[in-house]
$ cat my_file.cif   # mmCIF, C-alpha atoms (C1' of nucleotides)
data_target
#
loop_
_atom_site.label_atom_id
_atom_site.label_comp_id
_atom_site.auth_asym_id
_atom_site.auth_seq_id
_atom_site.Cartn_x
_atom_site.Cartn_y
_atom_site.Cartn_z
CA MET A 19 0.00 0.00 0.00
CA GLY A 20 1.07 3.54 -0.91
CA ALA A 21 4.36 5.04 0.13
CA GLN A 22 2.53 8.07 -1.28
CA ARG A 23 5.59 10.02 -2.37
CA GLN A 24 8.47 10.70 -0.02
CA GLU A 25 8.58 14.12 1.66
CA ARG A 26 11.18 16.33 0.08
CA ALA A 27 14.39 16.77 2.06
CA ASP A 28 14.05 20.52 2.59
CA ALA A 29 10.46 20.07 3.61
CA ALA A 30 11.40 17.55 6.26
CA ARG A 31 14.16 19.78 7.53
CA ASN A 32 11.81 22.72 7.77
CA ARG A 33 9.20 20.74 9.59
CA ARG A 34 11.71 19.79 12.25
CA ALA A 35 12.88 23.38 12.49
CA VAL A 36 9.37 24.68 12.98
CA LEU A 37 8.49 22.14 15.63
CA GLN A 38 11.74 22.82 17.40
CA ALA A 39 11.23 26.57 17.29
CA ALA A 40 7.66 26.33 18.51
CA GLU A 41 8.70 24.18 21.41
CA THR A 42 11.44 26.57 22.42
CA LEU A 43 9.23 29.63 22.20
CA LEU A 44 6.55 27.87 24.17
CA ALA A 45 9.03 27.06 26.90
CA GLU A 46 10.40 30.60 27.05
CA ASN A 47 7.30 32.74 26.71
CA GLY A 48 4.45 30.89 28.32
CA PHE A 49 1.79 29.27 26.10
CA ASP A 50 0.38 32.59 25.03
CA HIS A 51 2.31 35.24 23.13
CA VAL A 52 3.56 32.62 20.70
CA SER A 53 2.23 33.76 17.36
CA LEU A 54 2.88 31.80 14.23
CA ASP A 55 4.81 34.73 12.84
CA LYS A 56 7.26 34.39 15.68
CA VAL A 57 7.51 30.66 15.25
CA ALA A 58 8.25 31.09 11.56
CA ALA A 59 10.85 33.73 12.30
CA ALA A 60 12.50 31.65 15.01
CA ALA A 61 12.59 28.67 12.69
CA ASP A 62 14.11 30.91 10.03
CA VAL A 63 11.35 29.98 7.67
CA GLY A 64 8.61 31.79 5.84
CA LYS A 65 5.19 32.02 7.38
CA GLY A 66 3.64 30.25 4.43
CA THR A 67 5.81 27.24 5.13
CA VAL A 68 4.38 26.86 8.59
CA PHE A 69 0.85 26.92 7.30
CA ARG A 70 1.50 24.61 4.37
CA ARG A 71 3.02 22.09 6.72
CA PHE A 72 0.53 22.23 9.57
CA GLY A 73 -2.60 23.78 8.13
CA ASN A 74 -3.24 26.16 10.96
CA ARG A 75 -2.38 26.95 14.52
CA ALA A 76 -4.29 23.99 15.86
CA GLY A 77 -2.47 21.68 13.49
CA LEU A 78 0.91 22.84 14.71
CA MET A 79 0.00 22.46 18.36
CA ARG A 80 -1.46 19.08 17.69
CA ALA A 81 1.70 17.91 15.97
CA LEU A 82 3.71 19.16 18.89
CA LEU A 83 1.53 17.45 21.45
CA GLU A 84 1.43 14.31 19.38
CA GLU A 85 5.20 14.08 19.67
CA ARG A 86 4.91 14.11 23.41
CA ALA A 87 1.97 11.75 23.51
CA VAL A 88 3.29 9.05 21.24
CA MET A 89 4.87 7.02 24.02
CA LEU A 90 1.65 7.15 25.96
CA SER A 91 -0.34 6.01 22.96
CA GLU A 92 1.95 3.09 22.35
CA GLY A 93 1.92 2.18 26.00
CA ILE A 94 -1.84 1.97 25.87
CA VAL A 95 -2.27 -0.27 22.88
CA SER A 96 0.71 -2.55 23.25
CA GLY A 97 2.68 -1.70 26.37
CA PRO A 98 2.91 -3.76 29.57
CA PRO A 99 0.16 -3.66 32.19
CA PRO A 100 -1.24 -1.82 33.95
CA LEU A 101 -1.16 0.79 31.17
CA GLY A 102 -1.43 -1.77 28.40
CA PRO A 103 -4.03 -4.51 28.20
CA GLY A 104 -4.15 -7.41 30.60
CA VAL A 105 -5.54 -6.02 33.84
CA PRO A 106 -9.05 -5.13 35.00
CA PRO A 107 -10.40 -1.85 33.63
CA ARG A 108 -10.23 -0.24 37.02
CA GLU A 109 -6.47 -0.56 37.29
CA ARG A 110 -6.00 0.33 33.68
CA LEU A 111 -8.02 3.49 33.96
CA LEU A 112 -6.14 4.63 37.04
CA ALA A 113 -2.85 3.90 35.32
CA PHE A 114 -3.93 5.88 32.30
CA LEU A 115 -4.93 8.86 34.38
CA ASP A 116 -1.60 8.75 36.18
CA ALA A 117 0.25 8.66 32.89
CA LEU A 118 -1.80 11.53 31.58
CA ALA A 119 -1.09 13.52 34.72
CA ASP A 120 2.57 12.93 34.15
CA LEU A 121 2.33 14.10 30.57
CA ALA A 122 0.28 17.13 31.56
CA THR A 123 2.48 18.31 34.37
CA ARG A 124 5.59 17.97 32.25
CA ASN A 125 4.08 19.94 29.37
CA VAL A 126 1.70 22.47 30.83
CA ALA A 127 2.60 25.23 28.42
CA LEU A 128 2.20 23.04 25.40
CA LEU A 129 -1.05 21.64 26.70
CA ALA A 130 -2.38 25.12 27.30
CA ALA A 131 -1.44 26.23 23.81
CA HIS A 132 -3.04 23.15 22.35
CA ASP A 133 -6.23 23.63 24.33
CA ARG A 134 -6.51 27.26 23.30
CA ALA A 135 -5.91 26.44 19.68
CA CYS A 136 -8.52 23.69 19.70
CA ALA A 137 -11.00 25.56 21.85
CA GLU A 138 -13.28 25.87 18.90
CA ASP A 139 -14.50 22.32 18.46
CA LYS A 140 -12.29 20.57 20.95
CA PHE A 141 -14.42 17.44 20.78
CA SER A 142 -13.14 16.84 17.27
CA ASP A 143 -9.49 17.02 18.12
CA PRO A 144 -7.95 13.63 17.33
CA ILE A 145 -5.86 13.54 20.47
CA TYR A 146 -8.74 14.45 22.72
CA LEU A 147 -10.86 11.94 20.89
CA ARG A 148 -8.37 9.15 21.38
CA TRP A 149 -8.01 9.78 25.06
CA HIS A 150 -11.72 10.08 25.48
CA ARG A 151 -12.38 6.84 23.66
CA HIS A 152 -9.90 4.99 25.82
CA ILE A 153 -11.47 6.27 29.01
CA THR A 154 -14.94 5.61 27.74
CA THR A 155 -14.18 2.03 26.86
CA LEU A 156 -12.66 1.22 30.22
CA LEU A 157 -15.37 3.05 32.07
CA ALA A 158 -18.10 1.24 30.23
CA GLU A 159 -16.65 -2.02 31.45
CA ALA A 160 -16.08 -0.93 35.00
CA ARG A 161 -19.30 1.01 35.51
CA PRO A 162 -21.83 0.08 32.86
CA ASP A 163 -24.50 1.98 34.77
CA LEU A 164 -22.91 5.37 34.14
CA ASP A 165 -23.07 7.63 31.09
CA ALA A 166 -19.52 6.76 30.10
CA GLU A 167 -19.24 9.40 27.43
CA PHE A 168 -20.24 12.20 29.74
CA VAL A 169 -18.11 11.01 32.62
CA GLY A 170 -15.24 10.65 30.18
CA HIS A 171 -15.45 14.33 29.39
CA THR A 172 -15.62 15.14 33.07
CA LEU A 173 -12.54 13.06 33.80
CA LEU A 174 -10.63 14.69 30.97
CA SER A 175 -11.60 18.11 32.21
CA MET A 176 -9.25 17.49 35.11
CA PHE A 177 -6.43 17.85 32.63
CA ASP A 178 -7.52 21.25 31.49
CA ALA A 179 -4.24 23.12 31.22
CA ASP A 180 -5.42 26.06 33.28
CA LEU A 181 -6.61 23.82 36.06
CA VAL A 182 -3.37 21.87 36.02
CA ARG A 183 -1.41 25.07 36.27
CA HIS A 184 -3.67 26.37 38.99
CA VAL A 185 -3.38 23.25 41.09
CA MET A 186 0.34 22.91 40.60
CA ASN A 187 0.84 26.49 41.76
CA ASP A 188 -0.85 25.64 45.01
CA GLY A 189 -0.02 22.15 46.11
CA GLY A 190 2.31 20.93 43.43
CA VAL A 191 2.20 17.76 41.43
CA ALA A 192 1.38 15.65 44.46
CA ARG A 193 -1.90 17.45 45.00
CA LEU A 194 -2.91 16.93 41.40
CA THR A 195 -2.22 13.21 41.31
CA GLY A 196 -3.79 12.76 44.70
CA SER A 197 -7.00 14.56 43.86
CA LEU A 198 -7.06 12.84 40.54
CA ARG A 199 -7.14 9.42 42.13
CA ASP A 200 -9.77 10.55 44.61
CA VAL A 201 -12.02 11.70 41.83
CA ALA A 202 -11.43 8.58 39.78
CA SER A 203 -12.17 6.42 42.78
CA ALA A 204 -15.39 8.29 43.34
CA PHE A 205 -16.51 7.16 39.91
CA LEU A 206 -15.16 3.66 40.10
CA GLY A 207 -16.42 2.91 43.57
CA ALA A 208 -14.35 1.87 46.58
CA PRO A 209 -10.95 0.30 45.78
CA ARG A 210 -12.45 -3.21 45.78
CA MET B 25 -21.93 55.54 52.57
CA GLY B 26 -21.34 56.99 49.12
CA ALA B 27 -24.08 57.47 46.56
CA GLN B 28 -20.98 58.13 44.43
CA ARG B 29 -22.64 60.23 41.80
CA GLN B 30 -25.65 59.10 39.83
CA GLU B 31 -25.02 57.67 36.37
CA ARG B 32 -25.92 60.14 33.69
CA ALA B 33 -29.18 59.49 31.86
CA ASP B 34 -27.65 58.98 28.42
CA ALA B 35 -25.04 56.69 29.91
CA ALA B 36 -27.70 54.48 31.46
CA ARG B 37 -29.65 54.43 28.22
CA ASN B 38 -26.59 53.43 26.28
CA ARG B 39 -25.70 50.68 28.70
CA ARG B 40 -29.11 49.14 28.26
CA ALA B 41 -28.85 49.47 24.49
CA VAL B 42 -25.49 47.74 24.41
CA LEU B 43 -26.59 44.86 26.62
CA GLN B 44 -29.72 44.47 24.56
CA ALA B 45 -27.82 44.50 21.29
CA ALA B 46 -25.25 42.03 22.52
CA GLU B 47 -27.95 39.67 23.66
CA THR B 48 -29.75 39.84 20.35
CA LEU B 49 -26.61 39.29 18.31
CA LEU B 50 -25.64 36.40 20.51
CA ALA B 51 -29.00 34.80 19.96
CA GLU B 52 -28.90 35.30 16.20
CA ASN B 53 -25.31 34.50 15.32
CA GLY B 54 -24.08 31.88 17.74
CA PHE B 55 -21.68 32.89 20.52
CA ASP B 56 -18.82 33.43 18.10
CA HIS B 57 -18.83 36.01 15.33
CA VAL B 58 -20.08 38.64 17.74
CA SER B 59 -17.38 41.26 17.70
CA LEU B 60 -17.62 44.35 19.83
CA ASP B 61 -17.70 46.45 16.69
CA LYS B 62 -20.89 44.73 15.69
CA VAL B 63 -22.37 45.11 19.13
CA ALA B 64 -21.61 48.81 19.11
CA ALA B 65 -23.08 49.20 15.64
CA ALA B 66 -26.20 47.24 16.56
CA ALA B 67 -26.65 49.34 19.68
CA ASP B 68 -26.20 52.45 17.54
CA VAL B 69 -23.39 53.56 19.75
CA GLY B 70 -19.70 54.28 19.33
CA LYS B 71 -17.21 51.57 20.01
CA GLY B 72 -15.54 53.64 22.68
CA THR B 73 -18.79 53.74 24.61
CA VAL B 74 -18.88 49.98 24.85
CA PHE B 75 -15.36 49.84 26.22
CA ARG B 76 -15.79 52.72 28.63
CA ARG B 77 -18.88 51.06 30.03
CA PHE B 78 -17.65 47.48 30.28
CA GLY B 79 -13.89 47.68 30.15
CA ASN B 80 -13.38 44.88 27.68
CA ARG B 81 -15.04 41.93 26.05
CA ALA B 82 -14.97 39.86 29.20
CA GLY B 83 -16.61 42.67 31.14
CA LEU B 84 -19.48 42.86 28.70
CA MET B 85 -20.08 39.14 28.74
CA ARG B 86 -19.86 39.09 32.48
CA ALA B 87 -22.44 41.84 32.78
CA LEU B 88 -24.71 39.95 30.44
CA LEU B 89 -24.35 36.68 32.31
CA GLU B 90 -24.76 38.46 35.60
CA GLU B 91 -28.20 39.63 34.49
CA ARG B 92 -29.20 36.04 33.92
CA ALA B 93 -27.58 34.76 37.07
CA VAL B 94 -28.97 37.25 39.51
CA MET B 95 -32.04 35.21 40.38
CA LEU B 96 -29.88 32.19 41.02
CA SER B 97 -27.59 34.19 43.26
CA GLU B 98 -30.46 35.52 45.28
CA GLY B 99 -32.01 32.10 45.50
CA ILE B 100 -28.81 30.79 47.01
CA VAL B 101 -28.28 33.33 49.72
CA SER B 102 -31.84 34.01 50.75
CA GLY B 103 -34.27 31.88 48.78
CA PRO B 104 -36.33 28.98 50.05
CA PRO B 105 -34.83 25.51 50.44
CA PRO B 106 -33.51 23.41 48.89
CA LEU B 107 -31.64 26.11 46.96
CA GLY B 108 -31.45 28.47 49.89
CA PRO B 109 -30.18 27.58 53.33
CA GLY B 110 -32.00 25.19 55.65
CA VAL B 111 -31.35 21.74 54.26
CA PRO B 112 -28.39 19.35 54.43
CA PRO B 113 -25.52 20.22 52.10
CA ARG B 114 -26.19 17.20 49.96
CA GLU B 115 -29.66 18.38 48.94
CA ARG B 116 -28.49 21.93 48.59
CA LEU B 117 -25.65 21.01 46.31
CA LEU B 118 -27.89 18.92 44.09
CA ALA B 119 -30.41 21.71 43.93
CA PHE B 120 -27.71 24.19 42.99
CA LEU B 121 -26.41 21.97 40.22
CA ASP B 122 -29.93 21.57 38.88
CA ALA B 123 -30.47 25.30 38.90
CA LEU B 124 -27.15 25.84 37.18
CA ALA B 125 -28.07 23.29 34.55
CA ASP B 126 -31.27 25.17 33.95
CA LEU B 127 -29.40 28.43 33.57
CA ALA B 128 -26.82 26.85 31.30
CA THR B 129 -29.22 25.12 28.97
CA ARG B 130 -31.29 28.24 28.60
CA ASN B 131 -28.28 30.40 27.78
CA VAL B 132 -25.76 28.23 25.99
CA ALA B 133 -24.67 30.88 23.55
CA LEU B 134 -24.13 33.46 26.25
CA LEU B 135 -22.31 30.98 28.42
CA ALA B 136 -20.04 30.03 25.54
CA ALA B 137 -19.25 33.64 24.80
CA HIS B 138 -18.55 34.29 28.45
CA ASP B 139 -16.29 31.27 28.75
CA ARG B 140 -14.33 32.23 25.67
CA ALA B 141 -13.94 35.79 26.84
CA CYS B 142 -12.75 34.70 30.26
CA ALA B 143 -10.62 31.83 29.00
CA GLU B 144 -7.54 33.71 29.98
CA ASP B 145 -7.67 33.52 33.77
CA LYS B 146 -11.09 32.00 34.20
CA PHE B 147 -10.39 31.25 37.85
CA SER B 148 -10.53 34.95 38.58
CA ASP B 149 -13.90 35.55 37.01
CA PRO B 150 -16.23 36.76 39.78
CA ILE B 151 -19.14 34.65 38.61
CA TYR B 152 -17.07 31.50 38.35
CA LEU B 153 -15.57 32.30 41.71
CA ARG B 154 -18.94 32.72 43.34
CA TRP B 155 -20.28 29.46 42.00
CA HIS B 156 -17.10 27.68 42.93
CA ARG B 157 -17.13 28.99 46.46
CA HIS B 158 -20.71 27.89 46.95
CA ILE B 159 -19.96 24.39 45.75
CA THR B 160 -16.78 24.21 47.76
CA THR B 161 -18.50 25.19 50.96
CA LEU B 162 -21.25 22.62 50.62
CA LEU B 163 -18.85 19.95 49.52
CA ALA B 164 -16.55 20.55 52.44
CA GLU B 165 -19.47 19.87 54.75
CA ALA B 166 -20.74 16.82 52.94
CA ARG B 167 -17.40 15.21 52.15
CA PRO B 168 -14.67 16.66 54.35
CA ASP B 169 -12.29 13.95 53.16
CA LEU B 170 -12.17 15.26 49.58
CA ASP B 171 -10.15 18.11 48.09
CA ALA B 172 -13.20 20.32 47.83
CA GLU B 173 -11.53 23.01 45.78
CA PHE B 174 -10.40 20.58 43.14
CA VAL B 175 -13.65 18.69 43.00
CA GLY B 176 -15.44 22.01 42.79
CA HIS B 177 -13.61 22.78 39.58
CA THR B 178 -14.41 19.34 38.28
CA LEU B 179 -18.09 19.77 39.02
CA LEU B 180 -18.16 23.17 37.36
CA SER B 181 -16.44 21.75 34.30
CA MET B 182 -19.68 19.95 33.59
CA PHE B 183 -21.14 23.33 32.72
CA ASP B 184 -18.53 24.08 30.15
CA ALA B 185 -20.54 25.62 27.36
CA ASP B 186 -19.12 23.37 24.67
CA LEU B 187 -19.90 20.28 26.68
CA VAL B 188 -23.41 21.48 27.39
CA ARG B 189 -23.96 22.10 23.71
CA HIS B 190 -22.45 18.76 22.81
CA VAL B 191 -24.60 16.83 25.23
CA MET B 192 -27.76 18.68 24.36
CA ASN B 193 -27.23 17.91 20.69
CA ASP B 194 -27.19 14.24 21.47
CA GLY B 195 -29.60 13.42 24.24
CA GLY B 196 -31.15 16.75 25.04
CA VAL B 197 -31.58 18.46 28.36
CA ALA B 198 -32.69 15.26 30.04
CA ARG B 199 -29.39 13.58 29.42
CA LEU B 200 -27.49 16.50 30.86
CA THR B 201 -29.46 16.73 34.06
CA GLY B 202 -29.42 12.98 34.45
CA SER B 203 -25.69 12.61 34.01
CA LEU B 204 -25.17 15.60 36.21
CA ARG B 205 -26.93 13.97 39.10
CA ASP B 206 -25.07 10.73 38.53
CA VAL B 207 -21.76 12.49 38.73
CA ALA B 208 -22.76 14.51 41.74
CA SER B 209 -23.97 11.37 43.46
CA ALA B 210 -20.67 9.69 42.75
CA PHE B 211 -18.97 12.40 44.77
CA LEU B 212 -21.53 12.61 47.51
CA GLY B 213 -21.92 8.90 48.03
CA ALA B 214 -25.10 6.89 47.76
CA PRO B 215 -28.35 8.83 48.28
CA ARG B 216 -28.37 7.90 51.96
"C1'" DG C 22 -32.06 80.78 31.49
"C1'" DA C 23 -27.10 81.48 31.07
"C1'" DA C 24 -22.77 79.85 32.09
"C1'" DG C 25 -19.56 76.40 33.63
"C1'" DT C 26 -17.91 71.77 33.92
"C1'" DA C 27 -17.42 67.05 34.52
"C1'" DA C 28 -19.05 63.08 32.30
"C1'" DG C 29 -19.82 60.96 28.19
"C1'" DC C 30 -19.48 60.26 23.27
"C1'" DG C 31 -17.88 58.31 18.76
"C1'" DG C 32 -15.13 56.71 15.42
"C1'" DA C 33 -10.55 57.15 13.43
"C1'" DC C 34 -6.63 54.85 14.53
"C1'" DC C 35 -3.30 51.19 16.06
"C1'" DG C 36 -0.91 46.75 16.67
"C1'" DT C 37 -1.47 41.92 16.37
"C1'" DC C 38 -2.74 37.83 14.55
"C1'" DG C 39 -4.36 33.93 11.72
"C1'" DG C 40 -4.58 32.83 7.23
"C1'" DT C 41 -3.99 33.33 1.90
"C1'" DC C 42 -1.61 33.95 -2.51
"C1'" DC C 43 1.51 33.81 -6.02
"C1'" DG C 44 5.89 34.65 -8.29
"C1'" DT C 45 10.19 32.35 -7.51
"C1'" DA C 46 13.50 28.72 -6.20
"C1'" DT C 47 14.89 23.99 -5.72
"C1'" DG C 48 15.23 19.07 -4.91
"C1'" DG C 49 14.26 14.81 -7.27
"C1'" DT C 50 14.08 12.19 -11.63
"C1'" DG C 51 14.74 10.20 -16.40
"C1'" DC D 7 20.93 18.56 -18.37
"C1'" DA D 8 16.23 19.52 -18.60
"C1'" DC D 9 11.90 19.21 -16.68
"C1'" DC D 10 8.40 19.73 -13.20
"C1'" DA D 11 6.16 18.77 -9.04
"C1'" DT D 12 6.95 20.39 -4.69
"C1'" DA D 13 8.04 23.73 -1.66
"C1'" DC D 14 9.40 28.40 -0.37
"C1'" DG D 15 8.82 33.15 1.59
"C1'" DG D 16 6.93 37.18 2.70
"C1'" DA D 17 3.79 40.75 1.04
"C1'" DC D 18 -0.83 41.13 1.71
"C1'" DC D 19 -5.58 40.84 3.71
"C1'" DG D 20 -9.50 41.20 6.84
"C1'" DA D 21 -10.95 40.95 11.49
"C1'" DC D 22 -10.63 42.08 15.98
"C1'" DG D 23 -9.70 44.01 20.66
"C1'" DG D 24 -8.44 48.01 22.55
"C1'" DT D 25 -6.92 53.20 22.84
"C1'" DC D 26 -7.17 58.16 22.19
"C1'" DC D 27 -8.73 62.64 21.88
"C1'" DG D 28 -11.38 66.50 20.12
"C1'" DC D 29 -16.22 67.40 20.40
"C1'" DT D 30 -20.88 67.19 22.68
"C1'" DT D 31 -24.14 67.03 26.24
"C1'" DA D 32 -26.49 66.31 30.52
"C1'" DC D 33 -26.51 68.14 35.02
"C1'" DT D 34 -25.51 71.95 38.46
"C1'" DT D 35 -25.25 76.54 40.25
"C1'" DC D 36 -26.57 81.13 40.46
#
$ encode --input "my_file.cif" --output "C-alpha cells"
Amino acid sequence: MGAQRQERADAARNRRAVLQAAETLLAENGFDHVSLDKVAAAADVGKGTVFRRFGNRAGLMRALLEERAVMLSEGIVSGPPPLGPGVPPRERLLAFLDALADLATRNVALLAAHDRACAEDKFSDPIYLRWHRHITTLLAEARPDLDAEFVGHTLLSMFDADLVRHVMNDGGVARLTGSLRDVASAFLGAPR
Amino acid sequence: MGAQRQERADAARNRRAVLQAAETLLAENGFDHVSLDKVAAAADVGKGTVFRRFGNRAGLMRALLEERAVMLSEGIVSGPPPLGPGVPPRERLLAFLDALADLATRNVALLAAHDRACAEDKFSDPIYLRWHRHITTLLAEARPDLDAEFVGHTLLSMFDADLVRHVMNDGGVARLTGSLRDVASAFLGAPR
DNA sequence: GAAGTAAGCGGACCGTCGGTCCGTATGGTG
DNA sequence: CACCATACGGACCGACGGTCCGCTTACTTC
C-alpha cells in the first residue's frame, strides 16, 4: 500500500525546524504570546511554510503534542500492564490517568497552547478523541450503569491546562495526582 | 456611605442598548462572530462607549451573564430551600447543580461567549468564583475527606458551554441533568 | 435661562494575529 | 541537463480588541 511520495528533504528539515522553534518559544514565553509569525521567524522559515506544513495553529499544536503523547499512545495499545491490556479496567483506567497527569504536568505550556488552539471544536481534536475513547471504553466495562461518554469528558476536564497550572501552583504535582485518584475512585467505587 | 454620583441618563440608556444589542446578536449568530464592533453598531453607539462602560469583552459578557444569574444568586443566599439555606448540604448542592443546569441550557450561547472571553484567567472571574465557592462550601461539609476546591472545579467543568452544547445535541436536556446527578452522586456517596 | 464643567461620546486609529496567494527557487528524476 | 512537481517566503488581507482625543451634552449653580 502507498508510500505516497516521499517528503522532500528541505520540507522535512523545515518541519523539524518549525516544531523545534515552537517548542522553544513555548518554553520561554508561556503558552500565550507565541504567534505563528514568531515561530516562523524563530525557525528561520517563511510564514507560508508553517501553514502549508501544519494547516493552521491547531495543526501545529497538535503535531507538537502528538510528539509528546506518542509514548503514551503506544503504551496503551501494546505496552505492559497496567497501562497496556491485561488487567481489569479499574487498574487500567487509574494507570492511564496517572500517565496523563505525568504528561500534563511535564508539558503544561504546550497543553495550554493546544487547548486554546482547539478551543473551537475541541471534541473533534484527534488527540482528545483518542483519550476520550480509551477512558470511555474502560469506564463502560467498570461502571456500565454510568453515562460513560459524559463522565469521560468530566474526567478529561481534570487535565484542562489552566486547572493543572492552577493546582500545581498551590499544592504541586502531588496534590494533582492525589486529587485525581480521589475523583477517579469516586466514579469507580471503593478500591475493591 | 457613598451614593458616588448618579449615572448620567444617556449613559444608562446606552448601557441598556449595548446589553440588549449584545444579547440579540448572541442569539442570532451563535456565541462566536459577535465582535464588539458589531455590538456597538447594533446598539447604535460608538465603540468607545462599549469599552468605557464594560472595560473589555470579558466585562461585557460578564455583565450579560450576571443579568441572567442574579435570580440564582439571590435564591442561594436568601431563597427557600432546597436552593437556599436550611437543608443538608447534599440536597443543597444537588439543587444548585440543577439550577445551574437550567441556567446553562437556557443560555448556551451566552455561556459560551462568556467562557471564551474569560478563557484567559477564568479562575478569577467573579461569577465563576462565586459558584465555585458555593460548591466548595457545601462539599466541604458533605465530604470533608475530599479536596473540595479541586472537586469544585471538576463539578463546574460539567457546565462548560461546549460540553453542554455537545450533550444537548445528542440526548437533550434530560441527558445533561441525568448525568449531572449521577456524577454529583458519585462524589456525595449513595443517596443515603 | 445662562454659564460652567465634569461626564460621556464616537469613530478614526493602532498593533497583532491567523490565514492566503503567487511569483520564484529547488530538490528529485529520467 | 532539462523538466516539473513540490516547496518556499513574505507581502498582503480582513478581522478584531483596545486606545485616544477633540467634540458634545447632561446636570448643576446662580
$ resolve_selection --input "my_file.cif" --expression "the PyMOL selection byres ((chain C and resi 34-46) around 10)" --output "list in words"
Ser53, Leu54, Asp55, Lys65, Gly66, Phe69, Gly73, Asn74 and Arg75 of chain A; DG32, DA33, DT47 and DG48 of chain C; DA13, DC14, DG15, DA17, DC18, DC19, DG20, DA21, DC22, DG23, DG24, DT25 and DC26 of chain D
$ atom_distance --input "my_file.cif" --atom1 "atom CA of A:Val36" --atom2 "atom CA of A:Ala127"
16.9 Å
$ atom_distance --input "my_file.cif" --atom1 "atom CA of A:Arg193" --atom2 "atom CA of B:Leu212"
20.4 Å
$ closest_atom_pairs --input "my_file.cif" --of "chain A" --to "chain D" --cutoff "12 Å" --atoms "all atoms listed in the file" --output "JSON lines"
{"residue": "A:Arg23", "atom": "CA", "partner": "D:DT12", "partner_atom": "C1'", "distance": 10.7}
{"residue": "A:Gln24", "atom": "CA", "partner": "D:DT12", "partner_atom": "C1'", "distance": 10.9}
{"residue": "A:Glu25", "atom": "CA", "partner": "D:DT12", "partner_atom": "C1'", "distance": 9.1}
{"residue": "A:Arg26", "atom": "CA", "partner": "D:DT12", "partner_atom": "C1'", "distance": 7.6}
{"residue": "A:Ala27", "atom": "CA", "partner": "D:DA13", "partner_atom": "C1'", "distance": 10.1}
{"residue": "A:Asp28", "atom": "CA", "partner": "D:DA13", "partner_atom": "C1'", "distance": 8.0}
{"residue": "A:Ala29", "atom": "CA", "partner": "D:DA13", "partner_atom": "C1'", "distance": 6.9}
{"residue": "A:Ala30", "atom": "CA", "partner": "D:DA13", "partner_atom": "C1'", "distance": 10.6}
{"residue": "A:Arg31", "atom": "CA", "partner": "D:DA13", "partner_atom": "C1'", "distance": 11.7}
{"residue": "A:Asn32", "atom": "CA", "partner": "D:DA13", "partner_atom": "C1'", "distance": 10.2}
{"residue": "A:Arg33", "atom": "CA", "partner": "D:DA13", "partner_atom": "C1'", "distance": 11.7}
{"residue": "A:Asp55", "atom": "CA", "partner": "D:DG16", "partner_atom": "C1'", "distance": 10.6}
{"residue": "A:Ala58", "atom": "CA", "partner": "D:DG15", "partner_atom": "C1'", "distance": 10.2}
{"residue": "A:Ala59", "atom": "CA", "partner": "D:DG15", "partner_atom": "C1'", "distance": 10.9}
{"residue": "A:Asp62", "atom": "CA", "partner": "D:DG15", "partner_atom": "C1'", "distance": 10.2}
{"residue": "A:Val63", "atom": "CA", "partner": "D:DG15", "partner_atom": "C1'", "distance": 7.3}
{"residue": "A:Gly64", "atom": "CA", "partner": "D:DG15", "partner_atom": "C1'", "distance": 4.5}
{"residue": "A:Lys65", "atom": "CA", "partner": "D:DG15", "partner_atom": "C1'", "distance": 6.9}
{"residue": "A:Gly66", "atom": "CA", "partner": "D:DG15", "partner_atom": "C1'", "distance": 6.6}
{"residue": "A:Thr67", "atom": "CA", "partner": "D:DC14", "partner_atom": "C1'", "distance": 6.7}
{"residue": "A:Val68", "atom": "CA", "partner": "D:DC14", "partner_atom": "C1'", "distance": 10.4}
{"residue": "A:Phe69", "atom": "CA", "partner": "D:DC14", "partner_atom": "C1'", "distance": 11.6}
{"residue": "A:Arg70", "atom": "CA", "partner": "D:DA13", "partner_atom": "C1'", "distance": 8.9}
{"residue": "A:Arg71", "atom": "CA", "partner": "D:DA13", "partner_atom": "C1'", "distance": 9.9}
$ atom_distance --input "my_file.cif" --atom1 "atom CA of B:Phe174" --atom2 "atom CA of A:Asn187"
12.8 Å
$ resolve_selection --input "my_file.cif" --expression "the PyMOL selection byres ((chain C) within 10 of (chain B))" --output "tab-separated table (two decimals) with C-alpha atoms (C1' of nucleotides), keeping the file's coordinate frame"
chain	number	residue	atom	x	y	z
C	28	DA	C1'	-19.05	63.08	32.30
C	29	DG	C1'	-19.82	60.96	28.19
C	30	DC	C1'	-19.48	60.26	23.27
C	31	DG	C1'	-17.88	58.31	18.76
C	32	DG	C1'	-15.13	56.71	15.42
$ build_atoms --input "my_file.cif" --residues "stretch 196-203 of chain B" --atoms "N, CA and C atoms" --output "tab-separated table (two decimals), in the coordinates of the input"
chain	number	residue	atom	x	y	z
B	196	GLY	N	-30.28	15.70	24.52
B	196	GLY	CA	-31.15	16.75	25.04
B	196	GLY	C	-30.88	17.10	26.49
B	197	VAL	N	-31.75	17.96	27.00
B	197	VAL	CA	-31.58	18.46	28.36
B	197	VAL	C	-31.64	17.32	29.37
B	198	ALA	N	-32.50	16.36	29.10
B	198	ALA	CA	-32.69	15.26	30.04
B	198	ALA	C	-31.38	14.54	30.32
B	199	ARG	N	-30.64	14.30	29.25
B	199	ARG	CA	-29.39	13.58	29.42
B	199	ARG	C	-28.43	14.37	30.31
B	200	LEU	N	-28.39	15.67	30.07
B	200	LEU	CA	-27.49	16.50	30.86
B	200	LEU	C	-27.84	16.44	32.34
B	201	THR	N	-29.08	16.71	32.64
B	201	THR	CA	-29.46	16.73	34.06
B	201	THR	C	-29.29	15.34	34.69
B	202	GLY	N	-29.58	14.34	33.92
B	202	GLY	CA	-29.42	12.98	34.45
B	202	GLY	C	-27.97	12.68	34.78
B	203	SER	N	-27.11	12.89	33.80
B	203	SER	CA	-25.69	12.61	34.01
B	203	SER	C	-25.12	13.45	35.13
